[in-house]
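Colleague: Sharing upload39.txt below, compact mmCIF, C-alpha atoms:
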# COMPACT_ATOMS: atom_id res chain seq x y z
CA MET A 832 -182.85 10.41 183.69
CA SER A 833 -180.96 8.06 181.48
CA GLU A 834 -179.13 10.34 179.12
CA ASN A 835 -176.15 12.44 179.98
CA LYS A 836 -177.23 15.98 180.71
CA ILE A 837 -173.76 17.50 180.80
CA LEU A 838 -173.34 18.93 177.31
CA PHE A 839 -170.10 20.81 177.84
CA SER A 840 -167.44 20.84 180.55
CA THR A 841 -163.72 21.44 180.50
CA GLY A 842 -163.04 20.51 184.12
CA SER A 843 -163.05 17.10 185.78
CA LEU A 844 -166.34 15.52 186.83
CA ASP A 845 -165.03 15.22 190.41
CA GLY A 846 -164.36 18.95 190.52
CA LEU A 847 -167.77 19.68 189.04
CA SER A 848 -169.48 17.40 191.53
CA LYS A 849 -167.66 19.17 194.39
CA GLU A 850 -168.75 22.60 193.18
CA ILE A 851 -172.37 21.53 192.67
CA GLY A 852 -172.24 20.03 196.18
CA LYS A 853 -171.27 23.42 197.59
CA LEU A 854 -174.31 24.98 195.92
CA THR A 855 -176.78 22.35 197.03
CA ASN A 856 -175.49 21.31 200.47
CA VAL A 857 -177.36 23.81 202.60
CA ASP A 858 -177.74 21.41 205.50
CA GLU A 859 -174.49 22.22 207.25
CA SER A 860 -175.20 25.94 207.28
CA LYS A 861 -178.70 25.56 208.70
CA LEU A 862 -179.44 26.83 212.17
CA LYS A 863 -180.01 23.73 214.27
CA LEU A 864 -181.63 24.84 217.53
CA THR A 865 -182.33 22.17 220.14
CA PRO A 866 -182.86 22.43 223.93
CA ASP A 867 -179.23 21.33 224.38
CA ASN A 868 -177.63 23.93 222.12
CA ALA A 869 -179.98 26.89 222.53
CA ASP A 870 -177.09 29.16 223.66
CA SER A 871 -174.69 28.42 220.81
CA GLY A 872 -177.51 28.25 218.23
CA LEU A 873 -178.75 31.68 219.22
CA ALA A 874 -175.18 33.00 219.33
CA LYS A 875 -174.64 31.73 215.78
CA LEU A 876 -177.80 33.46 214.57
CA VAL A 877 -177.00 36.76 216.30
CA LEU A 878 -173.33 36.76 215.29
CA THR A 879 -174.27 35.98 211.67
CA LEU A 880 -176.43 39.10 211.58
CA VAL A 881 -173.80 41.21 213.37
CA GLU A 882 -171.09 39.98 210.98
CA LEU A 883 -173.28 40.74 207.95
CA ILE A 884 -173.88 44.30 209.16
CA ARG A 885 -170.19 44.75 210.08
CA LYS A 886 -169.11 43.64 206.59
CA LEU A 887 -171.65 45.95 204.94
CA VAL A 888 -170.36 48.89 207.01
CA GLU A 889 -166.77 47.94 206.12
CA LYS A 890 -167.63 47.71 202.42
CA GLN A 891 -169.32 51.11 202.43
CA ALA A 892 -166.37 52.60 204.32
CA MET A 893 -163.92 51.24 201.74
CA ARG A 894 -166.05 52.72 198.96
CA ARG A 895 -165.72 56.12 200.63
CA VAL A 896 -161.98 55.73 201.16
CA ASP A 897 -161.60 54.67 197.52
CA GLY A 898 -163.69 57.64 196.43
CA GLY A 899 -161.17 59.99 198.10
CA SER A 900 -163.77 61.92 200.07
CA LEU A 901 -162.21 61.32 203.52
CA THR A 902 -159.44 63.29 205.22
CA ASP A 903 -156.33 61.63 206.69
CA GLU A 904 -157.74 61.95 210.20
CA GLU A 905 -161.05 60.43 209.16
CA ILE A 906 -159.28 57.48 207.53
CA GLU A 907 -157.21 56.92 210.67
CA ARG A 908 -160.32 57.02 212.88
CA LEU A 909 -162.22 54.78 210.50
CA GLY A 910 -159.36 52.28 210.43
CA GLU A 911 -159.13 52.21 214.22
CA THR A 912 -162.90 51.70 214.65
CA LEU A 913 -163.26 49.00 212.00
CA MET A 914 -160.14 47.18 213.13
CA LYS A 915 -161.38 47.11 216.73
CA LEU A 916 -164.78 45.87 215.54
CA GLU A 917 -163.09 43.09 213.60
CA MET A 918 -161.00 42.11 216.63
CA LYS A 919 -164.08 42.09 218.86
CA MET A 920 -165.87 39.81 216.38
CA GLU A 921 -162.90 37.43 216.43
CA GLU A 922 -163.12 37.33 220.23
CA LEU A 923 -166.83 36.56 220.13
CA LYS A 924 -166.39 33.84 217.49
CA LYS A 925 -163.66 32.26 219.60
CA HIS A 926 -165.81 32.49 222.73
CA PHE A 927 -168.70 30.66 221.05
CA ASN A 928 -166.39 28.29 219.15
CA LEU A 929 -167.57 29.53 215.74
CA THR A 930 -165.66 29.92 212.48
CA ASP A 931 -166.18 32.27 209.51
CA ARG A 932 -167.79 29.34 207.68
CA ASP A 933 -170.34 28.91 210.49
CA LEU A 934 -171.44 32.51 210.04
CA ASN A 935 -171.79 32.30 206.28
CA ILE A 936 -175.31 30.95 205.86
CA ASN A 937 -176.10 29.36 202.50
CA LEU A 938 -179.31 30.83 201.10
CA GLY A 939 -179.86 28.00 198.62
CA PRO A 940 -180.51 29.32 195.15
CA LEU A 941 -179.40 32.79 196.24
CA GLY A 942 -175.94 31.52 197.20
CA ASP A 943 -173.87 32.36 200.26
CA LEU A 944 -174.93 35.19 202.57
CA MET A 945 -171.40 36.68 202.62
CA MET B 62 -206.43 7.32 196.51
CA GLU B 63 -205.15 10.69 195.27
CA ILE B 64 -203.97 11.84 191.86
CA ILE B 65 -200.43 13.06 191.28
CA ILE B 66 -199.83 15.59 188.48
CA TYR B 67 -196.54 15.38 186.57
CA ALA B 68 -197.04 18.15 184.04
CA LEU B 69 -199.52 20.31 182.18
CA LEU B 70 -199.08 20.14 178.46
CA SER B 71 -200.43 21.56 175.28
CA VAL B 72 -202.34 19.13 173.07
CA LYS B 73 -203.66 20.83 169.98
CA GLU B 74 -204.28 18.20 167.34
CA ASP B 75 -201.94 15.44 168.52
CA SER B 76 -203.91 13.67 171.27
CA SER B 77 -203.30 10.29 169.57
CA LYS B 78 -199.56 10.97 169.73
CA LEU B 79 -199.93 11.71 173.45
CA ASN B 80 -201.95 8.57 174.12
CA PHE B 81 -199.34 6.49 172.29
CA LYS B 82 -196.56 8.09 174.31
CA LEU B 83 -198.32 7.55 177.64
CA LYS B 84 -198.97 3.88 176.87
CA GLY B 85 -195.23 3.27 176.78
CA MET B 86 -194.55 4.98 180.11
CA HIS B 87 -194.83 4.04 183.79
CA GLY B 88 -195.62 6.47 186.57
CA LEU B 89 -194.38 6.62 190.14
CA LEU B 90 -194.81 3.29 191.98
CA ASN B 91 -195.39 1.76 188.54
CA ALA B 92 -198.79 3.41 188.31
CA GLU B 93 -200.50 3.94 184.96
CA ILE B 94 -200.04 7.38 183.43
CA TYR B 95 -203.00 9.02 181.75
CA ALA B 96 -204.22 12.44 180.64
CA LEU B 97 -207.06 14.58 181.93
CA GLN B 98 -208.01 17.06 179.24
CA GLU B 99 -209.60 20.50 179.39
CA GLY B 100 -209.71 22.28 176.03
CA GLN B 101 -206.19 22.23 174.59
CA VAL B 102 -204.54 21.57 177.94
CA SER B 103 -203.90 18.14 179.42
CA ALA B 104 -202.81 17.27 182.95
CA ILE B 105 -200.60 14.17 182.90
CA VAL B 106 -201.41 12.19 186.02
CA SER B 107 -201.33 8.87 187.91
CA ASN B 108 -203.51 7.51 190.69
CA ILE B 109 -201.37 7.26 193.81
CA SER B 110 -201.99 6.86 197.51
CA ARG B 111 -200.51 9.71 199.51
CA THR B 112 -199.34 7.29 202.18
CA ASP B 113 -197.43 5.16 199.65
CA LEU B 114 -195.55 8.08 198.15
CA ILE B 115 -192.22 8.43 199.90
CA THR B 116 -190.49 11.76 199.48
CA ASP B 117 -186.95 10.71 198.65
CA SER B 118 -184.39 11.35 195.95
CA THR B 119 -185.26 8.13 194.09
CA ASN B 120 -188.90 9.11 193.64
CA ALA B 121 -187.99 12.74 192.94
CA LEU B 122 -185.65 11.59 190.14
CA LEU B 123 -188.31 9.23 188.76
CA PHE B 124 -190.80 12.11 188.78
CA ALA B 125 -188.27 14.34 186.97
CA GLY B 126 -187.54 11.53 184.49
CA ILE B 127 -191.22 11.26 183.55
CA ILE B 128 -191.41 15.01 182.94
CA ASP B 129 -188.15 14.89 180.98
CA SER B 130 -189.44 12.10 178.75
CA LEU B 131 -192.68 13.98 178.04
CA SER B 132 -190.79 17.19 177.30
CA GLN B 133 -188.95 15.50 174.41
CA ASP B 134 -192.24 15.35 172.45
CA PHE B 135 -194.49 18.02 173.92
CA SER B 136 -194.41 21.59 175.19
CA LEU B 137 -195.18 21.40 178.88
CA LEU B 138 -195.22 23.08 182.26
CA PRO B 139 -193.52 20.79 184.81
CA MET B 140 -195.32 20.41 188.14
CA ARG B 141 -193.58 20.38 191.52
CA PHE B 142 -192.85 16.93 193.00
CA GLY B 143 -195.73 15.95 195.26
CA SER B 144 -198.46 17.87 193.42
CA LEU B 145 -201.45 15.81 194.55
CA MET B 146 -205.16 16.49 194.19
CA GLU B 147 -208.02 14.48 195.59
CA SER B 148 -209.96 13.71 192.37
CA SER B 149 -210.04 14.07 188.59
CA GLU B 150 -212.95 16.52 188.97
CA ALA B 151 -210.77 18.74 191.17
CA ILE B 152 -208.01 18.68 188.53
CA ILE B 153 -210.41 19.58 185.70
CA GLN B 154 -211.77 22.45 187.81
CA MET B 155 -208.20 23.62 188.50
CA LEU B 156 -207.47 23.57 184.74
CA GLU B 157 -210.65 25.57 184.09
CA ARG B 158 -209.81 28.17 186.75
CA ASN B 159 -206.23 28.64 185.49
CA TYR B 160 -206.80 28.03 181.79
CA THR B 161 -205.68 31.47 180.54
CA ALA B 162 -202.54 31.56 182.66
CA ILE B 163 -201.62 27.98 181.69
CA GLN B 164 -202.10 28.74 177.98
CA LYS B 165 -200.02 31.91 178.29
CA ASN B 166 -197.14 30.01 179.94
CA LEU B 167 -197.41 27.16 177.45
CA ASN B 168 -197.13 29.64 174.59
CA GLN B 169 -193.97 31.11 176.16
CA VAL B 170 -192.24 27.71 176.39
CA GLU B 171 -193.68 26.24 173.20
CA ASP B 172 -191.16 24.04 171.38
CA LYS B 173 -188.39 25.21 173.73
CA PHE B 174 -185.92 23.59 176.11
CA GLU B 175 -184.15 25.00 179.13
CA TYR B 176 -180.35 24.90 179.39
CA GLY B 177 -178.20 25.61 182.42
CA LEU B 178 -174.78 27.22 182.38
CA LYS B 179 -172.52 27.38 185.42
CA VAL B 180 -169.21 29.21 185.31
CA PHE B 181 -166.63 28.21 187.90
CA CYS B 182 -163.27 29.74 188.64
CA ASP B 183 -160.30 29.57 190.95
CA SER B 184 -161.11 32.95 192.48
CA ALA B 185 -157.67 33.50 194.04
CA LYS B 186 -155.97 32.88 190.69
CA LEU B 187 -158.52 34.96 188.80
CA LYS B 188 -158.08 37.87 191.22
CA ALA B 189 -154.30 37.63 190.86
CA ASP B 190 -154.63 37.68 187.05
CA LEU B 191 -156.99 40.65 187.13
CA LEU B 192 -154.66 42.48 189.52
CA GLU B 193 -151.72 41.81 187.24
CA LYS B 194 -153.65 43.17 184.26
CA THR B 195 -154.81 46.36 185.92
CA LYS B 196 -151.68 47.06 187.97
CA LEU B 197 -153.65 48.53 190.83
CA ASN B 198 -152.01 51.20 192.90
CA THR B 199 -152.83 50.22 196.48
CA GLN B 200 -150.92 53.02 198.11
CA THR B 201 -153.39 55.83 197.48
CA THR B 202 -154.34 56.23 201.12
CA GLU B 203 -150.86 57.22 202.25
CA PRO B 204 -151.18 60.20 204.58
CA SER B 205 -150.54 63.50 202.85
CA SER B 206 -148.30 64.66 205.69
CA ARG B 207 -145.81 61.86 204.81
CA GLU B 208 -145.33 60.38 208.24
CA ALA B 209 -142.25 58.24 208.72
CA LYS B 210 -144.30 55.06 208.95
CA PRO B 211 -148.00 54.46 208.32
CA SER B 212 -149.93 53.73 211.50
CA VAL B 213 -151.29 50.25 212.16
CA TYR B 214 -154.80 51.59 211.44
CA ARG B 215 -153.70 53.02 208.11
CA GLU B 216 -152.07 49.72 207.19
CA TRP B 217 -155.27 47.93 208.09
CA VAL B 218 -157.28 50.29 205.85
CA ASN B 219 -154.80 49.75 203.00
CA LYS B 220 -155.14 46.00 203.31
CA LYS B 221 -158.95 46.18 203.32
CA LEU B 222 -158.93 48.67 200.46
CA GLU B 223 -156.88 46.27 198.35
CA GLU B 224 -159.33 43.44 199.09
CA HIS B 225 -162.24 45.75 198.25
CA ARG B 226 -160.71 46.74 194.92
CA LEU B 227 -160.01 43.14 194.03
CA GLU B 228 -163.62 42.25 194.79
CA GLU B 229 -164.83 45.13 192.61
CA LEU B 230 -162.50 43.98 189.83
CA LEU B 231 -163.90 40.46 190.04
CA VAL B 232 -167.52 41.66 189.94
CA SER B 233 -166.71 43.91 187.00
CA HIS B 234 -165.09 40.96 185.18
CA VAL B 235 -168.15 38.77 185.85
CA ASP B 236 -170.39 41.53 184.47
CA LYS B 237 -168.22 41.59 181.35
CA VAL B 238 -168.57 37.81 180.92
CA ILE B 239 -172.36 38.04 181.35
CA ALA B 240 -172.55 40.87 178.80
CA THR B 241 -170.54 38.76 176.34
CA ILE B 242 -172.78 35.72 176.86
CA THR B 243 -175.92 37.85 176.40
CA GLU B 244 -174.52 39.42 173.25
CA GLN B 245 -173.52 36.09 171.72
CA LEU B 246 -176.91 34.53 172.52
CA SER B 247 -178.87 37.45 171.11
CA ASP B 248 -178.87 35.89 167.62
CA LEU B 249 -180.64 32.82 169.04
CA ASN B 250 -183.40 34.95 170.65
CA ALA B 251 -182.73 33.16 173.92
CA VAL B 252 -184.60 34.11 177.07
CA THR B 253 -181.91 34.37 179.75
CA LYS B 254 -181.69 34.52 183.52
CA PHE B 255 -178.44 35.21 185.38
CA LYS B 256 -177.29 34.97 188.97
CA LYS B 257 -173.76 35.98 189.83
CA MET B 258 -171.25 35.40 192.64
CA LEU B 259 -173.18 32.56 194.26
CA THR B 260 -170.08 31.30 196.04
CA GLU B 261 -166.37 32.08 195.96
CA THR B 262 -165.96 29.71 192.99
CA THR B 263 -169.35 29.72 191.23
CA ILE B 264 -169.31 33.13 189.63
CA ILE B 265 -172.23 32.69 187.19
CA ASP B 266 -175.34 30.51 187.27
CA ALA B 267 -177.31 31.13 184.09
CA LEU B 268 -180.45 29.67 182.52
CA PHE B 269 -181.45 29.88 178.87
CA LEU B 270 -184.72 29.10 177.14
CA LEU B 271 -184.13 28.17 173.51
CA LYS B 272 -185.91 26.59 170.56
CA LYS B 273 -185.49 22.81 170.62
CA ASP B 274 -183.51 22.77 167.36
CA GLN B 275 -180.91 25.33 168.50
CA ASN B 276 -178.75 22.91 170.48
CA GLU B 277 -175.83 23.03 168.05
CA GLU B 278 -175.78 26.82 167.83
CA LEU B 279 -175.77 27.03 171.62
CA MET B 280 -172.84 24.60 171.85
CA ALA B 281 -170.92 26.69 169.33
CA VAL B 282 -171.49 29.81 171.45
CA ILE B 283 -170.36 28.09 174.66
CA THR B 284 -167.25 26.67 172.98
CA SER B 285 -166.39 30.13 171.70
CA LEU B 286 -166.93 31.61 175.19
CA GLN B 287 -164.68 28.98 176.77
CA ASN B 288 -161.92 29.87 174.31
CA GLN B 289 -162.40 33.56 174.98
CA PHE B 290 -162.31 33.16 178.79
CA SER B 291 -159.82 30.33 179.18
CA GLY B 292 -159.30 30.92 182.92
CA LEU B 293 -162.93 30.04 183.62
CA ASN B 294 -164.61 26.64 183.56
CA PHE B 295 -167.90 26.61 181.66
CA VAL B 296 -170.33 23.76 182.36
CA MET B 297 -173.45 23.48 180.22
CA THR B 298 -176.31 21.12 181.04
CA GLY B 299 -179.54 20.27 179.30
CA PRO B 300 -181.84 20.02 177.57
CA TRP B 301 -184.25 20.36 180.50
CA PRO B 302 -187.98 20.92 180.70
CA PRO B 303 -188.58 24.65 181.32
CA TYR B 304 -188.52 24.44 185.13
CA ASN B 305 -187.31 28.00 185.64
CA PHE B 306 -189.37 29.76 182.99
CA VAL B 307 -192.86 29.02 184.28
CA GLU B 308 -194.48 31.91 186.10
CA ILE B 309 -197.85 30.79 187.31
CA THR B 310 -199.56 30.58 190.68
CA ILE B 311 -202.18 27.85 190.55
CA LYS B 312 -205.49 29.06 191.94
Show me the file's structure as structure tokens.

Modeller:
Amino acid sequence: MSENKILFSTGSLDGLSKEIGKLTNVDESKLKLTPDNADSGLAKLVLTLVELIRKLVEKQAMRRVDGGSLTDEEIERLGETLMKLEMKMEELKKHFNLTDRDLNINLGPLGDLM
Amino acid sequence: MEIIIYALLSVKEDSSKLNFKLKGMHGLLNAEIYALQEGQVSAIVSNISRTDLITDSTNALLFAGIIDSLSQDFSLLPMRFGSLMESSEAIIQMLERNYTAIQKNLNQVEDKFEYGLKVFCDSAKLKADLLEKTKLNTQTTEPSSREAKPSVYREWVNKKLEEHRLEELLVSHVDKVIATITEQLSDLNAVTKFKKMLTETTIIDALFLLKKDQNEELMAVITSLQNQFSGLNFVMTGPWPPYNFVEITIK
């Protein structure tokens, strides 16, 4: 298309291009399974799902804490459980050489998973 | 040889205008562009060999450019890149089968363009600003028994609770921005679609369907929004053919 389609922007074009790139570059977050990387590919898939569920549980727990419906003992127990879960996830990510970014799948037009 | 379809458009009494327009255009692989008509609907097509059509960004942009050029003069439904059918008879039959749905969609986008609005932010800075404004009290989970020092688990919960509240603040702020945009566009009778929190920095991805002559009013609204929310970066693109406002499943 010949004409300029950007009608309004206050930021730099470089910055805009970078942001658009983040939205459209889904390639790096795709699951690339091959016979050589079946272990790590599967680990990435499984850990992505586990991390999603862990974050949902954590979010719901924080809603309940914020709502004031938990006792001191319940908050302590909740904190201990969620903290240990988080530490275990860190161990697993380290074991499979994965980062937070690896586990955040881009769902294209829907955006990032987490 | 197959036939590629660029767009379906409404031709009521201006078929000579369409023919004149098509004469000045070239299709993919420099093929001739022509119209196949069924009632008041025309399919804009070129004869192309499937094996010669390479699916790459150059051809995809050429395809989009053809649709964009047509949309300047006609109300149309853009087709997906690579929409091929085996013969003109098959295309006419497809138009016949889907005539009502095509007409309905054409009426919805008649004399309208699509515009895109993306709102970016520095989320860390925005969260800090929102926190400053609301003066959140993050110490509400202190144990009632007033222990000498909060346990490591309690500290962890406090940290997560603060993050959670910041996230809620950000979402609430984005909802406020969307409500303001919707309100300011209501005078233009715009059809709107919003997605929010796509990434850490892209907080709103919106689409508007507006009358072709409302460009200036839209720009005035966006300028006003940018002034109102100076910490955000508004980027408006368009006019586009109505890619995201066509709801039809071709039978």

Colleague: Pick the closest to Leu137 (chain B) from B:Asn120, B:Gln169, B:Ser71, B:Thr195: which is it, counting all atoms listed in the file?

Modeller: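 Of the candidates, the smallest distance to Leu137 (chain B) is held by B:Ser71.
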
Colleague: Neighbouring residues of region 926-930 of chain A were defined as those with any atom within 10 Å, considering only C-alpha atoms; residues of the same chain fewer than 4 positions away were excluded. Please report them as a ChimeraX atom specification.

Modeller: /A:870-872,874-875,878,920-922,934-935

Colleague: Residues within 9 Å of (-163.7, 50.6, 209.9), file coordinates, counting only C-alpha atoms: what are they? Give the list as an MDAnalysis selection string.

Modeller: (chainID A and resid 885 888:890 892:893 906 908:917) or (chainID B and resid 218)

Colleague: Around (-171.3, 38.2, 207.0), as given in the file, which residues come within 9 Å? Count only C-alpha atoms and list them as an MDAnalysis selection string.

Modeller: chainID A and resid 878:887 931 934:936 944:945

Colleague: Keeping only C-alpha atoms, take the residues you just selected and write them out as a PDB file, keeping the file's coordinate frame.

Modeller:
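Here's the written file result-v6.pdb:
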ATOM      1  CA  LEU A 878    -173.330  36.760 215.290  1.00  0.00           C
ATOM      2  CA  THR A 879    -174.270  35.980 211.670  1.00  0.00           C
ATOM      3  CA  LEU A 880    -176.430  39.100 211.580  1.00  0.00           C
ATOM      4  CA  VAL A 881    -173.800  41.210 213.370  1.00  0.00           C
ATOM      5  CA  GLU A 882    -171.090  39.980 210.980  1.00  0.00           C
ATOM      6  CA  LEU A 883    -173.280  40.740 207.950  1.00  0.00           C
ATOM      7  CA  ILE A 884    -173.880  44.300 209.160  1.00  0.00           C
ATOM      8  CA  ARG A 885    -170.190  44.750 210.080  1.00  0.00           C
ATOM      9  CA  LYS A 886    -169.110  43.640 206.590  1.00  0.00           C
ATOM     10  CA  LEU A 887    -171.650  45.950 204.940  1.00  0.00           C
ATOM     11  CA  ASP A 931    -166.180  32.270 209.510  1.00  0.00           C
ATOM     12  CA  LEU A 934    -171.440  32.510 210.040  1.00  0.00           C
ATOM     13  CA  ASN A 935    -171.790  32.300 206.280  1.00  0.00           C
ATOM     14  CA  ILE A 936    -175.310  30.950 205.860  1.00  0.00           C
ATOM     15  CA  LEU A 944    -174.930  35.190 202.570  1.00  0.00           C
ATOM     16  CA  MET A 945    -171.400  36.680 202.620  1.00  0.00           C
TER      17      MET A 945
END

Colleague: Residues of chain A within 8 Å of chain B, using all atoms listed in the file, as a list in words?

Modeller: Met832, Lys836, Ile837, Leu838, Phe839, Ser840, Thr841, Gly842, Glu850, Leu854, Lys890, Met893, Arg894, Val896, Asp897, Asp903, Ile906, Glu907, Arg908, Gly910, Glu911, Met914, Leu941, Gly942 and Asp943 of chain A

Colleague: Once you have the residues from the selection above, write them out as a PDB file, in the frame of the given file, restricted to C-alpha atoms.

Modeller:
ATOM      1  CA  MET A 832    -182.850  10.410 183.690  1.00  0.00           C
ATOM      2  CA  LYS A 836    -177.230  15.980 180.710  1.00  0.00           C
ATOM      3  CA  ILE A 837    -173.760  17.500 180.800  1.00  0.00           C
ATOM      4  CA  LEU A 838    -173.340  18.930 177.310  1.00  0.00           C
ATOM      5  CA  PHE A 839    -170.100  20.810 177.840  1.00  0.00           C
ATOM      6  CA  SER A 840    -167.440  20.840 180.550  1.00  0.00           C
ATOM      7  CA  THR A 841    -163.720  21.440 180.500  1.00  0.00           C
ATOM      8  CA  GLY A 842    -163.040  20.510 184.120  1.00  0.00           C
ATOM      9  CA  GLU A 850    -168.750  22.600 193.180  1.00  0.00           C
ATOM     10  CA  LEU A 854    -174.310  24.980 195.920  1.00  0.00           C
ATOM     11  CA  LYS A 890    -167.630  47.710 202.420  1.00  0.00           C
ATOM     12  CA  MET A 893    -163.920  51.240 201.740  1.00  0.00           C
ATOM     13  CA  ARG A 894    -166.050  52.720 198.960  1.00  0.00           C
ATOM     14  CA  VAL A 896    -161.980  55.730 201.160  1.00  0.00           C
ATOM     15  CA  ASP A 897    -161.600  54.670 197.520  1.00  0.00           C
ATOM     16  CA  ASP A 903    -156.330  61.630 206.690  1.00  0.00           C
ATOM     17  CA  ILE A 906    -159.280  57.480 207.530  1.00  0.00           C
ATOM     18  CA  GLU A 907    -157.210  56.920 210.670  1.00  0.00           C
ATOM     19  CA  ARG A 908    -160.320  57.020 212.880  1.00  0.00           C
ATOM     20  CA  GLY A 910    -159.360  52.280 210.430  1.00  0.00           C
ATOM     21  CA  GLU A 911    -159.130  52.210 214.220  1.00  0.00           C
ATOM     22  CA  MET A 914    -160.140  47.180 213.130  1.00  0.00           C
ATOM     23  CA  LEU A 941    -179.400  32.790 196.240  1.00  0.00           C
ATOM     24  CA  GLY A 942    -175.940  31.520 197.200  1.00  0.00           C
ATOM     25  CA  ASP A 943    -173.870  32.360 200.260  1.00  0.00           C
TER      26      ASP A 943
END

Colleague: State, in Å with one decimal place, the distance from CA of His87 (chain B) to CA of Met146 (chain B).

Modeller: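 Going from CA of His87 (chain B) over to CA of Met146 (chain B), I get 19.2 Å.
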
Colleague: When you draw a straight line from CA of Lys210 (chain B) to CA of Gly899 (chain A), how long is it in Å?

Modeller: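 We find that CA of Lys210 (chain B) and CA of Gly899 (chain A) lie 20.7 Å from each other.
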
Colleague: Output as AutoDock Vina command-line options the centre and edge lengths (Å, one decimal) of the box along x, y and z of the file that holds every listed atom of region 173-179 of chain B after adding 8 Å on each side.

Modeller:
--center_x -180.5 --center_y 25.5 --center_z 179.6 --size_x 31.9 --size_y 19.8 --size_z 27.7

Colleague: Pick out the closest residue to Lys186 (chain B) from this set: B:Lys82, B:Gly143, B:Leu231, B:Asp172. Count all atoms listed in the file.

Modeller: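 Residue with the minimum atom-to-atom distance to Lys186 (chain B): B:Leu231.
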
Colleague: One decimal, in Å: what's the spacing between CA of Gln98 (chain B) and CA of Phe81 (chain B)?

Modeller: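 Taking CA of Gln98 (chain B) and CA of Phe81 (chain B), their separation equals 15.3 Å.
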
Colleague: Might you pull out every residue within 10 Å of Ser148 (chain B), with only C-alpha atoms counted and same-chain residues fewer than 4 positions away left off, and present them as a ChimeraX atom specification?

Modeller: /B:62-65,108,152-153

Colleague: Since we have the selection now, will you write its residues out, keeping C-alpha atoms, as a PDB file, in the coordinates of the input?

Modeller:
ATOM      1  CA  MET B  62    -206.430   7.320 196.510  1.00  0.00           C
ATOM      2  CA  GLU B  63    -205.150  10.690 195.270  1.00  0.00           C
ATOM      3  CA  ILE B  64    -203.970  11.840 191.860  1.00  0.00           C
ATOM      4  CA  ILE B  65    -200.430  13.060 191.280  1.00  0.00           C
ATOM      5  CA  ASN B 108    -203.510   7.510 190.690  1.00  0.00           C
ATOM      6  CA  ILE B 152    -208.010  18.680 188.530  1.00  0.00           C
ATOM      7  CA  ILE B 153    -210.410  19.580 185.700  1.00  0.00           C
TER       8      ILE B 153
END

Colleague: What's around Gly100 (chain B) at 10 Å? Count all atoms listed in the file, leave out sequence neighbours fewer than 4 positions away in its own chain, and write the answer as a ChimeraX atom specification.

Modeller: /B:71-73,156-157,160

Colleague: Keeping only C-alpha atoms, write the selected residues to a file as a compact mmCIF listing (two decimals), in the frame of the given file.

Modeller:
# COMPACT_ATOMS: atom_id res chain seq x y z
CA SER B 71 -200.43 21.56 175.28
CA VAL B 72 -202.34 19.13 173.07
CA LYS B 73 -203.66 20.83 169.98
CA LEU B 156 -207.47 23.57 184.74
CA GLU B 157 -210.65 25.57 184.09
CA TYR B 160 -206.80 28.03 181.79

Colleague: Can you tell me, as a PDB file with C-alpha atoms, in the coordinates of the input, what residues are no more than 12 Å from Phe135 (chain B) when counting all atoms listed in the file, ignoring any on the same chain fewer than 3 positions away?

Modeller:
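Wrote around.pdb, looks like this:
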ATOM      1  CA  ALA B  68    -197.040  18.150 184.040  1.00  0.00           C
ATOM      2  CA  LEU B  69    -199.520  20.310 182.180  1.00  0.00           C
ATOM      3  CA  LEU B  70    -199.080  20.140 178.460  1.00  0.00           C
ATOM      4  CA  SER B  71    -200.430  21.560 175.280  1.00  0.00           C
ATOM      5  CA  VAL B  72    -202.340  19.130 173.070  1.00  0.00           C
ATOM      6  CA  LYS B  73    -203.660  20.830 169.980  1.00  0.00           C
ATOM      7  CA  GLU B  74    -204.280  18.200 167.340  1.00  0.00           C
ATOM      8  CA  ASP B  75    -201.940  15.440 168.520  1.00  0.00           C
ATOM      9  CA  SER B  76    -203.910  13.670 171.270  1.00  0.00           C
ATOM     10  CA  LYS B  78    -199.560  10.970 169.730  1.00  0.00           C
ATOM     11  CA  LEU B  79    -199.930  11.710 173.450  1.00  0.00           C
ATOM     12  CA  LYS B  82    -196.560   8.090 174.310  1.00  0.00           C
ATOM     13  CA  LEU B  83    -198.320   7.550 177.640  1.00  0.00           C
ATOM     14  CA  VAL B 102    -204.540  21.570 177.940  1.00  0.00           C
ATOM     15  CA  SER B 103    -203.900  18.140 179.420  1.00  0.00           C
ATOM     16  CA  ILE B 105    -200.600  14.170 182.900  1.00  0.00           C
ATOM     17  CA  ILE B 128    -191.410  15.010 182.940  1.00  0.00           C
ATOM     18  CA  ASP B 129    -188.150  14.890 180.980  1.00  0.00           C
ATOM     19  CA  SER B 130    -189.440  12.100 178.750  1.00  0.00           C
ATOM     20  CA  LEU B 131    -192.680  13.980 178.040  1.00  0.00           C
ATOM     21  CA  SER B 132    -190.790  17.190 177.300  1.00  0.00           C
ATOM     22  CA  LEU B 138    -195.220  23.080 182.260  1.00  0.00           C
ATOM     23  CA  PRO B 139    -193.520  20.790 184.810  1.00  0.00           C
ATOM     24  CA  LEU B 167    -197.410  27.160 177.450  1.00  0.00           C
ATOM     25  CA  ASN B 168    -197.130  29.640 174.590  1.00  0.00           C
ATOM     26  CA  VAL B 170    -192.240  27.710 176.390  1.00  0.00           C
ATOM     27  CA  GLU B 171    -193.680  26.240 173.200  1.00  0.00           C
ATOM     28  CA  ASP B 172    -191.160  24.040 171.380  1.00  0.00           C
ATOM     29  CA  LYS B 173    -188.390  25.210 173.730  1.00  0.00           C
ATOM     30  CA  PHE B 174    -185.920  23.590 176.110  1.00  0.00           C
ATOM     31  CA  LYS B 273    -185.490  22.810 170.620  1.00  0.00           C
ATOM     32  CA  PRO B 302    -187.980  20.920 180.700  1.00  0.00           C
ATOM     33  CA  PRO B 303    -188.580  24.650 181.320  1.00  0.00           C
TER      34      PRO B 303
END
